[in-house]
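Enquirer: Below is the file input22.cif, which contains mmCIF, C-alpha atoms.
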data_entry
#
loop_
_atom_site.label_atom_id
_atom_site.label_comp_id
_atom_site.auth_asym_id
_atom_site.auth_seq_id
_atom_site.Cartn_x
_atom_site.Cartn_y
_atom_site.Cartn_z
CA GLN A 5 -51.13 105.19 179.00
CA GLY A 6 -50.78 101.87 177.22
CA VAL A 7 -46.99 102.04 177.51
CA ALA A 8 -47.26 102.91 181.21
CA HIS A 9 -49.51 99.90 181.79
CA VAL A 10 -47.08 97.51 180.06
CA CYS A 11 -44.05 98.98 181.82
CA SER A 12 -45.85 98.59 185.13
CA THR A 13 -46.38 94.90 184.36
CA LEU A 14 -42.74 94.44 183.32
CA GLN A 15 -41.45 96.73 186.07
CA CYS A 16 -39.13 98.49 183.63
CA ARG A 17 -38.22 102.13 183.24
CA CYS A 18 -40.86 104.19 181.48
CA ILE A 19 -40.33 107.66 180.00
CA VAL A 20 -43.30 109.40 178.40
CA ILE A 21 -42.72 112.54 176.33
CA VAL A 22 -45.67 114.93 176.11
CA PRO A 23 -46.13 118.47 174.77
CA THR A 24 -46.30 121.25 177.33
CA ASN A 25 -50.02 121.76 176.66
CA ALA A 26 -50.91 118.14 177.55
CA PRO A 27 -53.81 118.24 180.04
CA LEU A 28 -52.96 117.43 183.64
CA ALA A 29 -55.74 114.80 183.54
CA LYS A 30 -53.82 112.80 180.92
CA CYS A 31 -50.54 112.98 182.85
CA ASN A 32 -52.29 111.92 186.04
CA ALA A 33 -53.82 108.96 184.21
CA ILE A 34 -50.33 107.83 183.16
CA LEU A 35 -49.07 108.04 186.74
CA HIS A 36 -52.14 106.22 188.00
CA LEU A 37 -51.24 103.28 185.78
CA TYR A 38 -47.54 103.39 186.72
CA ASP A 39 -46.41 105.68 189.51
CA LYS A 40 -42.75 105.21 188.51
CA ALA A 41 -43.34 106.61 185.01
CA GLU A 42 -41.26 109.67 184.17
CA ILE A 43 -43.23 112.33 182.29
CA ILE A 44 -41.17 114.83 180.32
CA ARG A 45 -42.89 117.94 179.00
CA VAL A 46 -41.33 119.59 175.96
CA PRO A 47 -42.43 122.49 173.71
CA TYR A 48 -44.97 121.41 171.09
CA ASP A 49 -42.58 121.98 168.16
CA GLU A 50 -39.95 119.75 169.79
CA TRP A 51 -42.57 117.09 170.54
CA TRP A 52 -43.87 117.23 166.96
CA ASN A 53 -40.34 116.83 165.62
CA ILE A 54 -40.00 113.65 167.68
CA ILE A 55 -43.28 112.38 166.21
CA GLU A 56 -42.09 113.16 162.66
CA THR A 57 -38.57 111.72 163.04
CA SER A 58 -39.12 108.92 165.61
CA ASP A 59 -35.97 110.23 167.28
CA CYS A 60 -36.04 111.31 170.93
CA SER A 61 -32.27 111.37 171.50
CA SER A 62 -32.38 115.17 171.80
CA ILE A 63 -34.08 114.82 175.20
CA PRO A 64 -31.33 115.25 177.84
CA GLN A 65 -32.80 112.56 180.10
CA ILE A 66 -32.55 110.07 177.24
CA GLY A 67 -29.55 111.11 175.14
CA SER A 68 -27.50 108.07 174.18
CA MET A 69 -29.24 105.84 176.73
CA ASN A 70 -30.15 102.40 175.39
CA HIS A 71 -33.91 102.57 174.87
CA VAL A 72 -36.83 101.36 172.78
CA PHE A 73 -38.88 104.15 171.23
CA ILE A 74 -42.54 103.26 170.83
CA HIS A 75 -44.20 105.55 168.33
CA PRO A 76 -47.81 106.39 169.24
CA VAL A 77 -48.88 106.33 165.59
CA CYS A 78 -46.40 104.97 163.02
CA ASP A 79 -46.05 101.53 164.52
CA ALA A 80 -47.59 98.49 162.83
CA ALA A 81 -48.44 96.90 166.18
CA VAL A 82 -50.16 100.08 167.38
CA ILE A 83 -52.25 100.27 164.20
CA ALA A 84 -53.09 96.56 164.47
CA GLY A 85 -54.17 97.08 168.07
CA ASN A 86 -56.40 99.95 167.03
CA SER A 87 -57.94 97.79 164.33
CA THR A 88 -59.57 95.69 167.05
CA VAL A 89 -61.80 98.69 167.77
CA GLY A 90 -63.06 98.49 164.20
CA MET A 91 -63.60 94.76 164.49
CA GLU A 92 -65.65 95.21 167.67
CA ILE A 93 -67.76 97.91 166.02
CA LEU A 94 -68.56 95.61 163.09
CA GLN A 95 -69.35 92.71 165.41
CA ASP A 96 -71.71 94.78 167.56
CA CYS A 97 -73.19 96.90 164.78
CA GLU A 98 -73.01 95.08 161.47
CA ASP A 99 -75.29 97.53 159.68
CA VAL A 100 -73.29 100.66 160.60
CA ASP A 101 -73.30 103.23 157.80
CA ALA A 102 -70.49 105.50 158.99
CA ILE A 103 -67.80 105.60 161.68
CA PHE A 104 -66.58 109.00 162.89
CA VAL A 105 -63.02 108.86 164.24
CA PRO A 106 -60.83 111.63 165.71
CA TYR A 107 -57.71 112.02 163.56
CA GLY A 108 -54.44 112.90 165.25
CA GLY A 109 -51.52 111.05 163.73
CA GLY A 110 -53.74 108.50 162.02
CA GLY A 111 -53.07 105.34 164.02
CA LEU A 112 -56.60 105.01 165.36
CA THR A 113 -58.33 106.00 162.10
CA CYS A 114 -56.13 103.77 159.95
CA GLY A 115 -56.56 100.85 162.32
CA ILE A 116 -60.35 101.12 162.33
CA GLY A 117 -60.44 101.81 158.59
CA SER A 118 -58.27 98.78 157.87
CA ALA A 119 -60.63 96.56 159.86
CA VAL A 120 -63.57 97.84 157.83
CA CYS A 121 -61.71 97.41 154.53
CA ASN A 122 -60.72 93.84 155.37
CA HIS A 123 -64.00 92.71 156.87
CA ASP A 124 -65.21 89.28 155.76
CA ASP A 125 -68.13 90.96 154.02
CA GLU A 126 -66.49 92.20 150.81
CA THR A 127 -69.18 94.82 150.32
CA LYS A 128 -68.79 96.32 153.80
CA LYS A 129 -66.30 99.00 152.70
CA ASN A 130 -68.80 100.20 150.15
CA GLN A 131 -71.49 100.33 152.83
CA CYS A 132 -69.60 101.88 155.74
CA ALA A 133 -67.91 105.26 155.42
CA ILE A 134 -64.87 106.24 157.50
CA VAL A 135 -65.06 109.89 158.56
CA SER A 136 -61.96 111.48 160.07
CA CYS A 137 -62.49 114.47 162.36
CA GLU A 138 -59.98 117.21 163.17
CA PRO A 139 -60.41 120.60 164.86
CA GLU A 140 -60.48 123.38 162.28
CA THR A 141 -57.42 124.93 163.96
CA ALA A 142 -55.33 121.82 163.26
CA ALA A 143 -56.72 120.00 160.22
CA PRO A 144 -53.92 118.75 157.94
CA MET A 145 -55.79 115.60 156.86
CA ALA A 146 -58.85 117.56 155.74
CA LEU A 147 -56.60 119.90 153.76
CA SER A 148 -54.58 117.03 152.30
CA LYS A 149 -57.68 115.07 151.23
CA GLU A 150 -59.08 118.20 149.62
CA ARG A 151 -55.87 118.72 147.63
CA GLY A 152 -55.19 115.05 146.98
CA GLU A 153 -51.67 115.22 148.41
CA ILE A 154 -49.88 115.68 151.74
CA SER A 155 -50.20 119.34 152.65
CA SER A 156 -48.72 121.27 155.55
CA PHE A 157 -51.06 122.97 157.99
CA ALA A 158 -48.23 124.62 159.94
CA LYS A 159 -49.04 128.22 159.02
CA TYR A 160 -52.69 127.78 160.06
CA TYR A 161 -52.10 125.66 163.17
CA GLN A 162 -53.37 126.86 166.54
CA PRO A 163 -53.40 124.80 169.75
CA SER A 164 -56.78 124.10 171.32
CA PHE A 165 -58.45 121.94 173.96
CA CYS A 166 -58.75 119.25 171.25
CA ASP A 167 -55.13 118.31 171.92
CA GLY A 168 -55.71 114.61 171.25
CA CYS A 169 -56.28 115.10 167.53
CA GLY A 170 -55.17 117.33 164.67
CA GLY A 171 -51.66 118.60 164.10
CA LYS A 172 -49.38 120.57 161.82
CA ALA A 173 -49.01 117.97 159.08
CA VAL A 174 -49.99 114.49 157.95
CA LEU A 175 -47.23 112.04 158.84
CA SER A 176 -45.82 110.78 155.55
CA PRO A 177 -45.68 107.07 156.58
CA MET A 178 -49.43 107.22 157.26
CA TRP A 179 -50.62 109.07 154.15
CA ASP A 180 -51.11 106.20 151.70
CA LEU A 181 -53.12 104.07 154.12
CA ALA A 182 -55.06 107.03 155.52
CA ASN A 183 -55.93 108.29 152.05
CA GLN A 184 -57.14 104.80 151.14
CA VAL A 185 -59.40 104.16 154.14
CA ILE A 186 -60.80 107.66 154.82
CA ASP A 187 -63.90 108.56 152.82
CA TYR A 188 -64.57 111.99 154.33
CA ALA A 189 -62.13 114.23 156.19
CA LEU A 190 -63.81 116.90 158.29
CA SER A 191 -62.44 120.16 159.62
CA VAL A 192 -64.67 120.73 162.65
CA PRO A 193 -65.27 124.08 164.43
CA LEU A 194 -64.26 124.15 168.09
CA SER A 195 -67.83 125.12 169.03
CA VAL A 196 -68.98 121.79 167.58
CA ALA A 197 -66.36 119.94 169.64
CA GLU A 198 -67.66 121.73 172.74
CA ALA A 199 -71.18 120.68 171.78
CA GLY A 200 -70.06 117.06 171.67
CA VAL A 201 -68.39 117.28 175.09
CA TRP A 202 -71.52 118.93 176.56
CA THR A 203 -73.90 116.39 175.02
CA LEU A 204 -71.90 113.38 176.18
CA HIS A 205 -71.76 114.73 179.73
CA GLU A 206 -75.34 115.94 180.06
CA ARG A 207 -77.12 113.26 178.03
CA ASN A 208 -74.91 110.21 178.63
CA GLY A 209 -73.01 110.90 181.84
CA VAL A 210 -69.70 110.52 180.00
CA VAL A 211 -66.67 112.76 180.51
CA ALA A 212 -64.93 113.14 177.15
CA GLU A 213 -61.89 115.09 176.07
CA GLY A 214 -61.99 117.45 173.10
CA ALA A 215 -61.02 114.77 170.59
CA GLY A 216 -63.78 112.52 171.89
CA GLY A 217 -66.41 115.25 171.76
CA LEU A 218 -65.32 116.20 168.26
CA THR A 219 -66.78 113.09 166.64
CA VAL A 220 -70.14 113.32 168.42
CA GLY A 221 -70.44 117.02 167.64
CA ALA A 222 -69.50 116.44 164.00
CA ALA A 223 -72.07 113.66 163.58
CA MET A 224 -74.80 115.79 165.16
CA PHE A 225 -74.11 119.25 163.79
CA CYS A 226 -71.91 119.17 160.66
CA PRO A 227 -73.90 120.09 157.52
CA ALA A 228 -75.06 117.08 155.51
CA GLU A 229 -73.66 118.55 152.29
CA LYS A 230 -70.16 117.74 153.54
CA PHE A 231 -70.93 114.06 152.85
CA GLY A 232 -72.57 114.27 149.44
CA GLU A 233 -75.63 112.34 148.31
CA GLY A 234 -74.80 109.16 150.21
CA VAL A 235 -75.57 110.67 153.63
CA LYS A 236 -79.32 110.58 153.03
CA ASP A 237 -79.18 106.78 153.26
CA TRP A 238 -77.29 106.72 156.58
CA LYS A 239 -79.40 105.27 159.36
CA LYS A 240 -76.79 104.17 161.90
CA VAL A 241 -73.61 106.06 162.80
CA VAL A 242 -70.88 105.18 165.31
CA CYS A 243 -68.75 107.88 166.96
CA VAL A 244 -65.45 106.86 168.52
CA VAL A 245 -65.00 108.70 171.83
CA SER A 246 -61.27 108.42 172.28
CA GLY A 247 -60.57 109.55 175.84
CA ARG A 248 -61.45 111.64 178.88
CA GLY A 249 -58.24 113.63 179.28
CA ILE A 250 -59.76 117.08 179.68
CA ASP A 251 -58.81 119.59 182.35
CA ARG A 252 -61.58 120.22 184.86
CA SER A 253 -61.51 123.97 184.29
CA LYS A 254 -62.20 123.52 180.56
CA LEU A 255 -64.92 120.94 181.22
CA PHE A 256 -66.68 123.24 183.70
CA GLN A 257 -66.39 126.13 181.24
CA ILE A 258 -68.13 124.09 178.54
CA LEU A 259 -70.84 122.82 180.90
CA ASP A 260 -71.57 126.34 182.15
CA LYS A 261 -71.67 127.75 178.63
CA TYR A 262 -74.91 126.03 177.59
CA ASP A 263 -78.25 125.58 179.35
CA ASN A 264 -79.88 123.01 177.10
CA MET A 265 -79.67 121.30 173.73
CA GLU A 266 -81.26 124.27 171.98
CA THR A 267 -78.48 126.61 173.14
CA VAL A 268 -75.91 123.97 172.16
CA ALA A 269 -77.34 123.79 168.63
CA ASN A 270 -77.49 127.57 168.37
CA GLY A 271 -73.87 127.79 169.45
CA CYS A 272 -72.86 125.47 166.61
CA LEU A 273 -74.83 127.42 164.04
CA SER A 274 -73.66 130.89 165.09
#
Render the structure in this file as structure tokens.

Expert:
Amino acid sequence: QGVAHVCSTLQCRCIVIVPTNAPLAKCNAILHLYDKAEIIRVPYDEWWNIIETSDCSSIPQIGSMNHVFIHPVCDAAVIAGNSTVGMEILQDCEDVDAIFVPYGGGGLTCGIGSAVCNHDDETKKNQCAIVSCEPETAAPMALSKERGEISSFAKYYQPSFCDGCGGKAVLSPMWDLANQVIDYALSVPLSVAEAGVWTLHERNGVVAEGAGGLTVGAAMFCPAEKFGEGVKDWKKVVCVVSGRGIDRSKLFQILDKYDNMETVANGCLS
């Protein structure tokens, strides 16, 4: 969407490559920002290969055409832009104890984590934990942090409505920085992500996609033992709600699934 906005301002050609399971809501948001944008849907494996290689020349509409490829994750300017989110959090909530961030390719998490690490208060990194959140069906960062090295999640990967985060593997250019700034890497059940989406809608009037609901659900319902002894001192937590690109049918399904907060909590514990 950011690329579409810039291309609209510059009135230049804009091609956006998305996986076939990208929600219609996200594609419509791109076209709303720039109605001349060309959206190309490709199979997930082909899309992931483009993300890993930064090479989209295999797309027939692009081929040998002169173009600038803007990587959604492994781009220093993208990470720097995301770091402003971390700076705003620290400005508005100086005494934050933990920040929960959805982890997809790592650009958002690494940007926010870098802002926390480089905050003027040298002790801030010791005070504020960065918690990455992935759906349990696509959690390569959680697996890699557990093992202490980049680990493939390809044989466990399953697509879900949390399409804005998770994946088959940790992108190698992001590993060193991600491993440095992330304190806890969570693999979150899909029922917990649904709980976050439901809570945001019913309690806050906010429509959130799966990746956005994941952080709220994780903060509310993930067992405290996942964070060790330090969690007992947490008093203020920030959850990054990353977008609202969820198909209406899935949103209605989640809203109809639960009657109240008690049934939401029971759904997470079952």

Enquirer: Starting from 6 Å padding per side, set up an axis-aligned box that covers all listed atoms of region 34-47 of chain A and hand over centre and edge lengths in Å, one decimal, as JSON.

Expert:
{"center_x": -46.7, "center_y": 112.9, "center_z": 181.6, "size_x": 23.0, "size_y": 31.2, "size_z": 27.8}

Enquirer: Compile the contact shell of Ile134 (chain A) as a PyMOL selection string: residues with an atom at most 10 Å away, counting only C-alpha atoms, same-chain residues fewer than 2 positions apart removed.

Expert: chain A and resi 101-105+113-114+116-118+120-121+129+132+136-137+185-189+242

Enquirer: For this file, the PyMOL selection byres ((chain A and resi 98) around 12) selects which residues, as JSON, numbers by chain?

Expert: {"A": [90, 91, 92, 93, 94, 95, 96, 97, 99, 100, 101, 102, 103, 120, 123, 124, 125, 127, 128, 129, 131, 132, 240, 241, 242]}

Enquirer: Go ahead and write the residues just picked, C-alpha atoms, as a short mmCIF file (atom, residue, chain, number, x, y, z; two decimals), in the coordinates of the input.

Expert:
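Result file is part-v1.cif:
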data_model
loop_
_atom_site.label_atom_id
_atom_site.label_comp_id
_atom_site.auth_asym_id
_atom_site.auth_seq_id
_atom_site.Cartn_x
_atom_site.Cartn_y
_atom_site.Cartn_z
CA GLY A 90 -63.06 98.49 164.20
CA MET A 91 -63.60 94.76 164.49
CA GLU A 92 -65.65 95.21 167.67
CA ILE A 93 -67.76 97.91 166.02
CA LEU A 94 -68.56 95.61 163.09
CA GLN A 95 -69.35 92.71 165.41
CA ASP A 96 -71.71 94.78 167.56
CA CYS A 97 -73.19 96.90 164.78
CA ASP A 99 -75.29 97.53 159.68
CA VAL A 100 -73.29 100.66 160.60
CA ASP A 101 -73.30 103.23 157.80
CA ALA A 102 -70.49 105.50 158.99
CA ILE A 103 -67.80 105.60 161.68
CA VAL A 120 -63.57 97.84 157.83
CA HIS A 123 -64.00 92.71 156.87
CA ASP A 124 -65.21 89.28 155.76
CA ASP A 125 -68.13 90.96 154.02
CA THR A 127 -69.18 94.82 150.32
CA LYS A 128 -68.79 96.32 153.80
CA LYS A 129 -66.30 99.00 152.70
CA GLN A 131 -71.49 100.33 152.83
CA CYS A 132 -69.60 101.88 155.74
CA LYS A 240 -76.79 104.17 161.90
CA VAL A 241 -73.61 106.06 162.80
CA VAL A 242 -70.88 105.18 165.31
#

Enquirer: Show which residues sit within 9 Å of Trp202 (chain A), as JSON, numbers by chain. Count all atoms listed in the file, and ignore same-chain residues fewer than 2 positions away.

Expert: {"A": [197, 198, 199, 200, 204, 205, 206, 207, 211, 212, 217, 255, 258, 259, 262, 265, 268]}

Enquirer: Restricting the calculation to only C-alpha atoms: of A:Gly271, A:Pro177, A:Pro27, A:Pro139, which residue gets closest to Asp79 (chain A)?

Expert: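 Closest to Asp79 (chain A) of all the choices is A:Pro177.
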
Enquirer: Using only C-alpha atoms, what residues lie at most 10 Å away from (-49.0, 103.7, 182.8) (file coordinates), given as a list in words?

Expert: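 The residues near that point, listed by chain and number, are Gln5, Gly6, Val7, Ala8, His9, Val10, Cys11, Ser12, Thr13, Cys18, Ile19, Val20, Cys31, Asn32, Ala33, Ile34, Leu35, His36, Leu37, Tyr38, Asp39, Lys40, Ala41 and Glu42 of chain A.
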
Enquirer: Which residue out of A:Leu175, A:Ala119, A:Leu190, A:Val245 has the minimum interatomic distance to Ala146 (chain A) when all atoms listed in the file are used?

Expert: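 Closest to Ala146 (chain A) of all the choices is A:Leu190.
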
Enquirer: Which residues are near Asp167 (chain A)? Cut-off 12 Å, all atoms listed in the file, ignore same chain within fewer than 5 positions. Put them as number ranges by chain.

Expert: A: 22-28, 30, 48, 106-109, 138-139, 141-143, 161-162, 172, 194, 197, 213-218, 246-251

Enquirer: In file coordinates, which residues lie within 8 Å of (-51.5, 111.5, 152.6) using all atoms listed in the file, given as a PDB file with C-alpha atoms, keeping the file's coordinate frame?

Expert:
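Result file follows (point39.pdb):
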ATOM      1  CA  MET A 145     -55.790 115.600 156.860  1.00  0.00           C
ATOM      2  CA  SER A 148     -54.580 117.030 152.300  1.00  0.00           C
ATOM      3  CA  LYS A 149     -57.680 115.070 151.230  1.00  0.00           C
ATOM      4  CA  GLY A 152     -55.190 115.050 146.980  1.00  0.00           C
ATOM      5  CA  GLU A 153     -51.670 115.220 148.410  1.00  0.00           C
ATOM      6  CA  ILE A 154     -49.880 115.680 151.740  1.00  0.00           C
ATOM      7  CA  SER A 155     -50.200 119.340 152.650  1.00  0.00           C
ATOM      8  CA  VAL A 174     -49.990 114.490 157.950  1.00  0.00           C
ATOM      9  CA  LEU A 175     -47.230 112.040 158.840  1.00  0.00           C
ATOM     10  CA  SER A 176     -45.820 110.780 155.550  1.00  0.00           C
ATOM     11  CA  MET A 178     -49.430 107.220 157.260  1.00  0.00           C
ATOM     12  CA  TRP A 179     -50.620 109.070 154.150  1.00  0.00           C
ATOM     13  CA  ASP A 180     -51.110 106.200 151.700  1.00  0.00           C
ATOM     14  CA  LEU A 181     -53.120 104.070 154.120  1.00  0.00           C
ATOM     15  CA  ALA A 182     -55.060 107.030 155.520  1.00  0.00           C
ATOM     16  CA  ASN A 183     -55.930 108.290 152.050  1.00  0.00           C
TER      17      ASN A 183
END

Enquirer: Restricting the calculation to all atoms listed in the file, which member of A:Phe256, A:Phe157, A:Trp238, A:Trp52 is positioned closest to Ala133 (chain A)?

Expert: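 Using all atoms listed in the file, the shortest distance to Ala133 (chain A) belongs to A:Trp238.
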
Enquirer: Figure out the distance between CA of Thr219 (chain A) and CA of Val135 (chain A), please, to one decimal in Å.

Expert: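 Separating CA of Val135 (chain A) from CA of Thr219 (chain A) is a distance of 8.9 Å.
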
Enquirer: Could you tell me how far CA of Pro193 (chain A) lies from CA of Ile83 (chain A), in Å and to one decimal?

Expert: 27.1 Å

Enquirer: In Å to one decimal, how far is CA of Thr203 (chain A) from CA of Ala223 (chain A)?

Expert: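 That distance, rounded to one decimal, is 11.9 Å.
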
Enquirer: Which residues are near region 55-68 of chain A? Cut-off 9 Å, only C-alpha atoms, ignore same chain within fewer than 5 positions. Put them as a PyMOL selection string.

Expert: chain A and resi 19+21+44+46+50+73-78+109+175-176

Enquirer: Can you list, as a list in words, the residues that the PyMOL selection byres ((chain A and resi 86) around 8) selects here?

Expert: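 After applying the PyMOL selection byres ((chain A and resi 86) around 8), what remains is Val82, Ile83, Ala84, Gly85, Ser87, Thr88, Val89, Gly90, Gly111, Leu112, Gly115 and Ile116 of chain A.
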
Enquirer: My list of candidates is A:Asn70, A:Asn208, A:Gln15, A:Asn53. Which is closest to Ala173 (chain A) when distances are computed with all atoms listed in the file?

Expert: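 So, comparing all the options, the nearest one is A:Asn53.
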
Enquirer: Considering all atoms listed in the file, state which residue in the set A:Asp263, A:Arg45, A:Phe225, A:Pro144 is at the smallest distance from Tyr160 (chain A).

Expert: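 Nearest candidate to Tyr160 (chain A) out of A:Asp263, A:Arg45, A:Phe225, A:Pro144: A:Pro144.
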
Enquirer: Could you tell me which of A:His71, A:Gly171, A:Glu229, A:Thr267 comes closest to Lys159 (chain A) if we count only C-alpha atoms?

Expert: A:Gly171
